[in-house]
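Engineer: Can you read through this structure? Questions will come right after.
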Amino acid sequence: EVVLTQSPATLSLSPGDRATLSCRASQSVNGRLVWYQHKPGQAPRLLIYDTSNRAADVPGRFSGSASETDFTLTINSVAPEDFAVYYCQQRHTWPLTFGGGTKVEI
Amino acid sequence: EVHLVESGGGLVQPWRSLRLSCAASGFTFNKYWMSWVRQAPGKGLEWVANIKQDGSAKYYMDSVKGRFTISRDNAKSSVFLEMDSLTVEDTAVYFCARDQEKYEDTGRFDYWGQGTLVTVSS
């Protein structure tokens, strides 16, 4: 199965900072990498799919990029509501797999 | 507005069974693949299983193959997860998630429920 390794585990930031979250795949996922935001007690939220496509109603400060098997989620000017855990997930091969998550904290 | 509401979680003893349900509304249910995703306490998300619109195709993660069965009832806009031979490692919040319409586009979950907690303990 494809192993996704997210780093860092925790990112401590202030509102207005730029957040850079990484996700490394153990093999090619052909760009089919998805990002979710998850807050405690809430349903996860789809942010980005296929490396760089923003989902509906996702603010423009969220963007995704990649270099081969290294994927990046960037949050330009972190807003107070962005403090959460972020997961990457590949949808290239079965079984679908998630990374371990990056917690973005104040 | 899309809503997914899970139910059926609770405390269950090891090796017993439990059936989870997910009631969907706000969209044409029989047009979409559906999935279950879980989150063990203090851990990350883990995809469990998914099912095609007509139930003719199903996929599972390795550790639940042969123990879990996903099914759906399009007339009731519901998807189910029958879990047998439960172990403590199955303890988690189980989320129902809407997938996509086309097989080649599956694995992108655009709506999720709030989850239902399953605790396996003696």
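Each chain in the structure tokens gets a letter, A, B, ..., in the order shown, and its residues are numbered from 1; ligands are numbered from 1 in order too.
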Output as a PyMOL selection string all residues of chain B that backbone DSSP marks as helix (DSSP H, G or I).
Structural biologist: chain B and resi 29-31+62-64+74-76+88-90+103-105
Engineer: Please list as number ranges by chain every residue within 8 Å of region 20-36 of chain A, counting only C-alpha atoms and excluding residues in the same chain fewer than 2 positions away.
Structural biologist: A: 2-8, 18, 38, 44-51, 66, 68-75, 86-93, 99, 102; B: 108
Engineer: Would you mind exporting N, CA and C atoms of the selected residues as a short mmCIF file (atom, residue, chain, number, x, y, z; two decimals), in the first residue's frame?
Structural biologist:
data_model
loop_
_atom_site.label_atom_id
_atom_site.label_comp_id
_atom_site.auth_asym_id
_atom_site.auth_seq_id
_atom_site.Cartn_x
_atom_site.Cartn_y
_atom_site.Cartn_z
N VAL A 2 0.27 2.36 -0.43
CA VAL A 2 1.02 3.62 -0.46
C VAL A 2 1.05 4.22 0.94
N VAL A 3 2.24 4.50 1.42
CA VAL A 3 2.40 5.13 2.74
C VAL A 3 2.60 6.63 2.53
N LEU A 4 1.81 7.41 3.25
CA LEU A 4 1.91 8.86 3.20
C LEU A 4 2.48 9.37 4.52
N THR A 5 3.57 10.11 4.43
CA THR A 5 4.23 10.63 5.63
C THR A 5 4.08 12.14 5.68
N GLN A 6 3.39 12.63 6.69
CA GLN A 6 3.15 14.06 6.82
C GLN A 6 4.13 14.69 7.81
N SER A 7 4.55 15.90 7.49
CA SER A 7 5.42 16.65 8.38
C SER A 7 5.13 18.13 8.27
N PRO A 8 5.37 18.89 9.36
CA PRO A 8 5.68 18.35 10.69
C PRO A 8 4.43 17.77 11.33
N ARG A 18 2.11 32.27 7.34
CA ARG A 18 1.96 31.35 6.22
C ARG A 18 2.26 29.94 6.72
N HIS A 38 -9.67 18.84 9.50
CA HIS A 38 -10.51 18.18 10.49
C HIS A 38 -10.39 18.87 11.83
N PRO A 44 -14.83 15.88 8.87
CA PRO A 44 -13.72 16.37 8.04
C PRO A 44 -14.25 17.16 6.84
N ARG A 45 -13.41 18.04 6.35
CA ARG A 45 -13.79 18.92 5.23
C ARG A 45 -12.81 18.75 4.09
N LEU A 46 -13.31 18.52 2.89
CA LEU A 46 -12.47 18.41 1.70
C LEU A 46 -11.93 19.79 1.33
N LEU A 47 -10.62 19.89 1.17
CA LEU A 47 -10.01 21.17 0.79
C LEU A 47 -9.50 21.18 -0.65
N ILE A 48 -8.64 20.23 -0.94
CA ILE A 48 -7.91 20.19 -2.20
C ILE A 48 -7.97 18.76 -2.74
N TYR A 49 -8.16 18.60 -4.04
CA TYR A 49 -8.08 17.26 -4.64
C TYR A 49 -7.18 17.29 -5.87
N ASP A 50 -6.61 16.13 -6.15
CA ASP A 50 -5.68 15.99 -7.28
C ASP A 50 -4.62 17.09 -7.27
N THR A 51 -3.95 17.16 -6.15
CA THR A 51 -2.79 18.03 -5.91
C THR A 51 -3.15 19.48 -5.70
N ALA A 66 2.96 20.20 -5.86
CA ALA A 66 3.69 18.94 -5.76
C ALA A 66 4.99 18.99 -6.55
N GLU A 68 7.02 15.70 -7.81
CA GLU A 68 7.06 14.23 -7.85
C GLU A 68 6.22 13.65 -6.72
N THR A 69 6.84 13.01 -5.74
CA THR A 69 6.05 12.39 -4.67
C THR A 69 5.98 13.24 -3.41
N ASP A 70 6.41 14.47 -3.50
CA ASP A 70 6.34 15.41 -2.38
C ASP A 70 5.23 16.42 -2.64
N PHE A 71 4.23 16.43 -1.75
CA PHE A 71 3.08 17.30 -1.91
C PHE A 71 3.06 18.34 -0.80
N THR A 72 2.55 19.51 -1.13
CA THR A 72 2.52 20.62 -0.17
C THR A 72 1.15 21.27 -0.15
N LEU A 73 0.66 21.50 1.05
CA LEU A 73 -0.52 22.33 1.26
C LEU A 73 -0.04 23.64 1.88
N THR A 74 -0.40 24.74 1.26
CA THR A 74 -0.01 26.05 1.76
C THR A 74 -1.25 26.84 2.16
N ILE A 75 -1.17 27.44 3.32
CA ILE A 75 -2.23 28.34 3.76
C ILE A 75 -1.59 29.72 3.88
N TYR A 86 -4.77 18.62 9.62
CA TYR A 86 -4.85 18.47 8.17
C TYR A 86 -4.30 17.11 7.77
N TYR A 87 -5.07 16.41 6.94
CA TYR A 87 -4.68 15.09 6.47
C TYR A 87 -4.54 15.09 4.95
N CYS A 88 -3.52 14.39 4.48
CA CYS A 88 -3.46 14.09 3.05
C CYS A 88 -3.96 12.66 2.85
N GLN A 89 -4.41 12.38 1.65
CA GLN A 89 -4.95 11.06 1.32
C GLN A 89 -4.71 10.81 -0.16
N GLN A 90 -4.29 9.59 -0.51
CA GLN A 90 -4.09 9.28 -1.92
C GLN A 90 -5.26 8.47 -2.44
N ARG A 91 -5.63 8.74 -3.68
CA ARG A 91 -6.74 8.00 -4.30
C ARG A 91 -6.28 7.37 -5.63
N HIS A 92 -5.00 7.03 -5.66
CA HIS A 92 -4.45 6.44 -6.89
C HIS A 92 -4.60 4.92 -6.90
N THR A 93 -4.40 4.30 -5.74
CA THR A 93 -4.45 2.84 -5.67
C THR A 93 -5.21 2.39 -4.43
N GLY A 99 -2.39 10.10 5.39
CA GLY A 99 -1.22 10.41 6.18
C GLY A 99 -1.61 10.52 7.65
N THR A 102 -1.17 16.63 10.26
CA THR A 102 -0.39 17.75 10.80
C THR A 102 -1.35 18.64 11.56
N ARG B 108 -12.49 10.64 -3.35
CA ARG B 108 -12.56 12.08 -3.04
C ARG B 108 -13.87 12.29 -2.29
#
Engineer: Measuring between only C-alpha atoms, which one of B:Thr106, B:Ser7, B:Thr91, B:Thr116 shows the shortest distance to Lys52 (chain B)?
Structural biologist: B:Thr106
Engineer: Each residue of chain B lying at most 10 Å from chain A should get a row with its shortest atom-to-atom pair and the distance in Å to one decimal, counting only C-alpha atoms; could you produce that, ordered by chain and increasing number, as a Markdown table?
Structural biologist:
| residue | atom | partner | partner_atom | distance |
| --- | --- | --- | --- | --- |
| B:Leu4 | CA | A:Ala43 | CA | 9.8 |
| B:Lys43 | CA | A:Gly100 | CA | 7.5 |
| B:Gly44 | CA | A:Gly100 | CA | 5.3 |
| B:Leu45 | CA | A:Phe98 | CA | 6.2 |
| B:Glu46 | CA | A:Phe98 | CA | 6.2 |
| B:Trp47 | CA | A:Leu96 | CA | 6.2 |
| B:Val48 | CA | A:Leu96 | CA | 8.6 |
| B:Ala49 | CA | A:Pro95 | CA | 8.8 |
| B:Tyr59 | CA | A:Pro95 | CA | 8.0 |
| B:Tyr60 | CA | A:Pro95 | CA | 7.2 |
| B:Met61 | CA | A:Pro95 | CA | 5.7 |
| B:Asp62 | CA | A:Pro95 | CA | 7.8 |
| B:Phe95 | CA | A:Ala43 | CA | 8.0 |
| B:Cys96 | CA | A:Ala43 | CA | 9.5 |
| B:Ala97 | CA | A:Ala43 | CA | 9.3 |
| B:Glu104 | CA | A:His92 | CA | 9.3 |
| B:Asp105 | CA | A:Arg91 | CA | 8.5 |
| B:Thr106 | CA | A:Arg91 | CA | 7.2 |
| B:Gly107 | CA | A:Arg91 | CA | 5.0 |
| B:Arg108 | CA | A:Tyr49 | CA | 7.0 |
| B:Phe109 | CA | A:Leu46 | CA | 6.6 |
| B:Asp110 | CA | A:Leu46 | CA | 5.5 |
| B:Tyr111 | CA | A:Arg45 | CA | 7.2 |
| B:Trp112 | CA | A:Ala43 | CA | 5.5 |
| B:Gly113 | CA | A:Ala43 | CA | 5.6 |
| B:Gln114 | CA | A:Ala43 | CA | 4.8 |
| B:Gly115 | CA | A:Ala43 | CA | 7.3 |
Engineer: Using DSSP on the backbone coordinates, identify all residues within chain A classified as strand (DSSP E or B); present the result as number ranges by chain.
Structural biologist: A: 4-7, 10-12, 19-25, 33-38, 45-49, 53-54, 62-67, 70-75, 84-90, 97-98, 102-105
Engineer: Would you mind listing what lies within 8 Å of Leu11 (chain B) as a count of residues only, with only C-alpha atoms counted and same-chain residues fewer than 3 positions away left out?
Structural biologist: 4
Engineer: If we count only C-alpha atoms, what is near Lys31 (chain B) at a cut-off of 10 Å, once residues fewer than 3 positions away on the same chain are taken out, given as a ChimeraX atom specification?
Structural biologist: /B:27-28,34,52-54,74,99-102
Engineer: Pick the closest to Ile51 (chain B) from B:Trp33, B:Tyr103, B:Phe68, B:Phe80: which is it, counting only C-alpha atoms?
Structural biologist: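 Of all the options, B:Trp33 lies closest to Ile51 (chain B).
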Engineer: Could you give me, as a list of chain:residue names, the residues within 9 Å of Gly16 (chain A), counting only C-alpha atoms and dropping anything in the same chain fewer than 5 positions from it?
Structural biologist: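 Using only C-alpha atoms, the neighbours found are A:Asn76, A:Ser77, A:Val78, A:Ala79, A:Pro80.
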Engineer: Write out, as a PDB file, in the first residue's frame, the residues just selected, with C-alpha atoms.
Structural biologist:
ATOM      1  CA  ASN A  76      -1.434  31.963   3.013  1.00  0.00           C
ATOM      2  CA  SER A  77      -2.223  34.178   5.978  1.00  0.00           C
ATOM      3  CA  VAL A  78      -3.671  31.642   8.415  1.00  0.00           C
ATOM      4  CA  ALA A  79      -7.083  32.701   9.729  1.00  0.00           C
ATOM      5  CA  PRO A  80      -8.293  31.873  13.259  1.00  0.00           C
TER       6      PRO A  80
END
